[in-house]
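Chemist: Dropping a structure here in C-alpha cells format, bear with me for questions.
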Amino acid sequence: MISVLRFLGSYRLNVACDLLTHTGMKLDEIARDTGFEYDTYFIKQFQAKKSHFTYKV
C-alpha cells in the first residue's frame with residue numbers, strides 16, 4: 001500500500017512533467033505551482049524520481 005505522502009509527491013511530480021512538456025513555464029514557476037516551496041528541493045526530488053524523463057527545448 002502506498003502512503004498518502006508518497007502518493008502526493010508522485011502526483012505533484014507527474015503534474016510537473018506535464019507542465020514542463022506542455023507549457024512555457026519556468027522551472028521555479030512549476031516548482032511553486034506544484035507545491036514545492038523551494039525550486040532546489042523540487043529539482044532534487046525530480047531528478048531522484050523522474051530520471052527517465054526527457055525534456056527537449
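Just remember, in the C-alpha cells the first chain shown is A, the second B, etc., residues are 1-based per chain, and ligands are 1-based in the order shown.
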Could you give me the residues within chain A that DSSP places in helix (DSSP H, G or I), as JSON, numbers by chain?
Modeler: {"A": [4, 5, 6, 7, 8, 9, 10, 11, 12, 13, 14, 15, 16, 17, 18, 19, 20, 21, 22, 27, 28, 29, 30, 31, 32, 33, 39, 40, 41, 42, 43, 44, 45, 46, 47, 48, 49]}
Chemist: Which residues, written as a list in words, have at least one atom at most 9 Å from Asp39 (chain A), with only C-alpha atoms counted and residues fewer than 2 positions away on the same chain left out?
Modeler: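 Within the cut-off, the hits are Leu27, Asp28, Glu29, Ile30, Ala31, Arg32, Phe36, Glu37, Tyr41, Phe42, Ile43 and Lys44 of chain A.
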Chemist: Keeping all heavy atoms, export the residues of the selection given above as an mmCIF file, in the first residue's frame.
Modeler:
data_model
loop_
_atom_site.group_PDB
_atom_site.id
_atom_site.type_symbol
_atom_site.label_atom_id
_atom_site.label_comp_id
_atom_site.auth_asym_id
_atom_site.auth_seq_id
_atom_site.Cartn_x
_atom_site.Cartn_y
_atom_site.Cartn_z
ATOM 1 N N LEU A 27 11.057 26.894 -14.609
ATOM 2 C CA LEU A 27 11.199 25.835 -13.620
ATOM 3 C C LEU A 27 10.761 26.281 -12.225
ATOM 4 O O LEU A 27 10.064 25.541 -11.532
ATOM 5 C CB LEU A 27 12.648 25.347 -13.584
ATOM 6 C CG LEU A 27 12.913 24.057 -12.862
ATOM 7 C CD1 LEU A 27 12.130 22.915 -13.484
ATOM 8 C CD2 LEU A 27 14.390 23.749 -12.870
ATOM 9 N N ASP A 28 11.119 27.476 -11.822
ATOM 10 C CA ASP A 28 10.718 27.939 -10.490
ATOM 11 C C ASP A 28 9.206 28.127 -10.396
ATOM 12 O O ASP A 28 8.608 27.899 -9.341
ATOM 13 C CB ASP A 28 11.467 29.203 -10.082
ATOM 14 C CG ASP A 28 11.205 30.387 -10.987
ATOM 15 O OD1 ASP A 28 10.977 30.189 -12.200
ATOM 16 O OD2 ASP A 28 11.256 31.528 -10.489
ATOM 17 N N GLU A 29 8.560 28.508 -11.486
ATOM 18 C CA GLU A 29 7.101 28.632 -11.506
ATOM 19 C C GLU A 29 6.442 27.266 -11.355
ATOM 20 O O GLU A 29 5.466 27.114 -10.618
ATOM 21 C CB GLU A 29 6.631 29.263 -12.808
ATOM 22 C CG GLU A 29 7.043 30.701 -12.993
ATOM 23 C CD GLU A 29 6.717 31.224 -14.376
ATOM 24 O OE1 GLU A 29 6.883 30.497 -15.372
ATOM 25 O OE2 GLU A 29 6.277 32.384 -14.443
ATOM 26 N N ILE A 30 6.973 26.288 -12.064
ATOM 27 C CA ILE A 30 6.437 24.928 -11.985
ATOM 28 C C ILE A 30 6.609 24.378 -10.579
ATOM 29 O O ILE A 30 5.694 23.778 -10.018
ATOM 30 C CB ILE A 30 7.087 24.014 -13.036
ATOM 31 C CG1 ILE A 30 6.636 24.445 -14.441
ATOM 32 C CG2 ILE A 30 6.755 22.547 -12.777
ATOM 33 C CD1 ILE A 30 7.336 23.735 -15.563
ATOM 34 N N ALA A 31 7.773 24.585 -10.001
ATOM 35 C CA ALA A 31 8.022 24.114 -8.638
ATOM 36 C C ALA A 31 7.008 24.709 -7.675
ATOM 37 O O ALA A 31 6.382 24.004 -6.886
ATOM 38 C CB ALA A 31 9.443 24.464 -8.210
ATOM 39 N N ARG A 32 6.813 25.995 -7.755
ATOM 40 C CA ARG A 32 5.881 26.687 -6.860
ATOM 41 C C ARG A 32 4.435 26.239 -7.109
ATOM 42 O O ARG A 32 3.688 25.979 -6.172
ATOM 43 C CB ARG A 32 6.018 28.197 -7.056
ATOM 44 C CG ARG A 32 5.376 29.040 -6.015
ATOM 45 C CD ARG A 32 5.685 30.539 -6.142
ATOM 46 N NE ARG A 32 5.711 31.044 -7.507
ATOM 47 C CZ ARG A 32 6.838 31.352 -8.178
ATOM 48 N NH1 ARG A 32 8.007 31.214 -7.609
ATOM 49 N NH2 ARG A 32 6.782 31.807 -9.408
ATOM 50 N N PHE A 36 5.972 22.889 -4.288
ATOM 51 C CA PHE A 36 7.310 22.866 -3.721
ATOM 52 C C PHE A 36 7.715 24.295 -3.372
ATOM 53 O O PHE A 36 7.710 25.171 -4.225
ATOM 54 C CB PHE A 36 8.321 22.270 -4.709
ATOM 55 C CG PHE A 36 8.122 20.798 -4.949
ATOM 56 C CD1 PHE A 36 7.287 20.347 -5.955
ATOM 57 C CD2 PHE A 36 8.767 19.862 -4.162
ATOM 58 C CE1 PHE A 36 7.100 18.990 -6.182
ATOM 59 C CE2 PHE A 36 8.593 18.507 -4.370
ATOM 60 C CZ PHE A 36 7.753 18.071 -5.391
ATOM 61 N N GLU A 37 8.050 24.514 -2.113
ATOM 62 C CA GLU A 37 8.396 25.862 -1.673
ATOM 63 C C GLU A 37 9.732 26.329 -2.260
ATOM 64 O O GLU A 37 9.898 27.494 -2.595
ATOM 65 C CB GLU A 37 8.455 25.900 -0.143
ATOM 66 C CG GLU A 37 8.646 27.280 0.411
ATOM 67 C CD GLU A 37 8.533 27.322 1.918
ATOM 68 O OE1 GLU A 37 8.186 26.306 2.535
ATOM 69 O OE2 GLU A 37 8.814 28.393 2.476
ATOM 70 N N TYR A 41 14.783 22.074 -3.919
ATOM 71 C CA TYR A 41 14.238 20.813 -3.415
ATOM 72 C C TYR A 41 13.430 20.113 -4.512
ATOM 73 O O TYR A 41 13.501 18.895 -4.671
ATOM 74 C CB TYR A 41 13.361 21.060 -2.187
ATOM 75 C CG TYR A 41 12.779 19.795 -1.608
ATOM 76 C CD1 TYR A 41 13.594 18.869 -0.976
ATOM 77 C CD2 TYR A 41 11.427 19.517 -1.717
ATOM 78 C CE1 TYR A 41 13.073 17.692 -0.456
ATOM 79 C CE2 TYR A 41 10.893 18.353 -1.199
ATOM 80 C CZ TYR A 41 11.726 17.439 -0.570
ATOM 81 O OH TYR A 41 11.204 16.273 -0.071
ATOM 82 N N PHE A 42 12.685 20.886 -5.285
ATOM 83 C CA PHE A 42 11.933 20.336 -6.409
ATOM 84 C C PHE A 42 12.874 19.636 -7.389
ATOM 85 O O PHE A 42 12.621 18.506 -7.809
ATOM 86 C CB PHE A 42 11.160 21.449 -7.123
ATOM 87 C CG PHE A 42 10.633 21.041 -8.467
ATOM 88 C CD1 PHE A 42 9.539 20.200 -8.573
ATOM 89 C CD2 PHE A 42 11.229 21.499 -9.635
ATOM 90 C CE1 PHE A 42 9.044 19.814 -9.810
ATOM 91 C CE2 PHE A 42 10.751 21.125 -10.868
ATOM 92 C CZ PHE A 42 9.657 20.283 -10.961
ATOM 93 N N ILE A 43 13.964 20.292 -7.745
ATOM 94 C CA ILE A 43 14.923 19.716 -8.690
ATOM 95 C C ILE A 43 15.507 18.419 -8.141
ATOM 96 O O ILE A 43 15.613 17.423 -8.859
ATOM 97 C CB ILE A 43 16.033 20.738 -9.022
ATOM 98 C CG1 ILE A 43 15.438 21.898 -9.827
ATOM 99 C CG2 ILE A 43 17.180 20.081 -9.778
ATOM 100 C CD1 ILE A 43 16.352 23.098 -9.942
ATOM 101 N N LYS A 44 15.856 18.419 -6.870
ATOM 102 C CA LYS A 44 16.412 17.217 -6.246
ATOM 103 C C LYS A 44 15.412 16.061 -6.300
ATOM 104 O O LYS A 44 15.760 14.937 -6.664
ATOM 105 C CB LYS A 44 16.796 17.527 -4.798
ATOM 106 C CG LYS A 44 17.423 16.382 -4.068
ATOM 107 C CD LYS A 44 17.798 16.801 -2.654
ATOM 108 C CE LYS A 44 18.388 15.646 -1.892
ATOM 109 N NZ LYS A 44 18.772 16.017 -0.541
#
Chemist: Pick the closest to Lys49 (chain A) from A:Ile2, A:Leu8, A:Leu20, A:Leu13: which is it, counting only C-alpha atoms?
Modeler: A:Leu13
Chemist: For Lys50 (chain A), please output as a ChimeraX atom specification all residues within 12 Å (counting only C-alpha atoms; exclusion window: fewer than 4 positions along the same chain).
Modeler: /A:9-17,42-46,54-55
Chemist: For CA of Ser51 (chain A) and CA of Tyr38 (chain A), quote the distance in Å rounded to one decimal.
Modeler: 19.3 Å
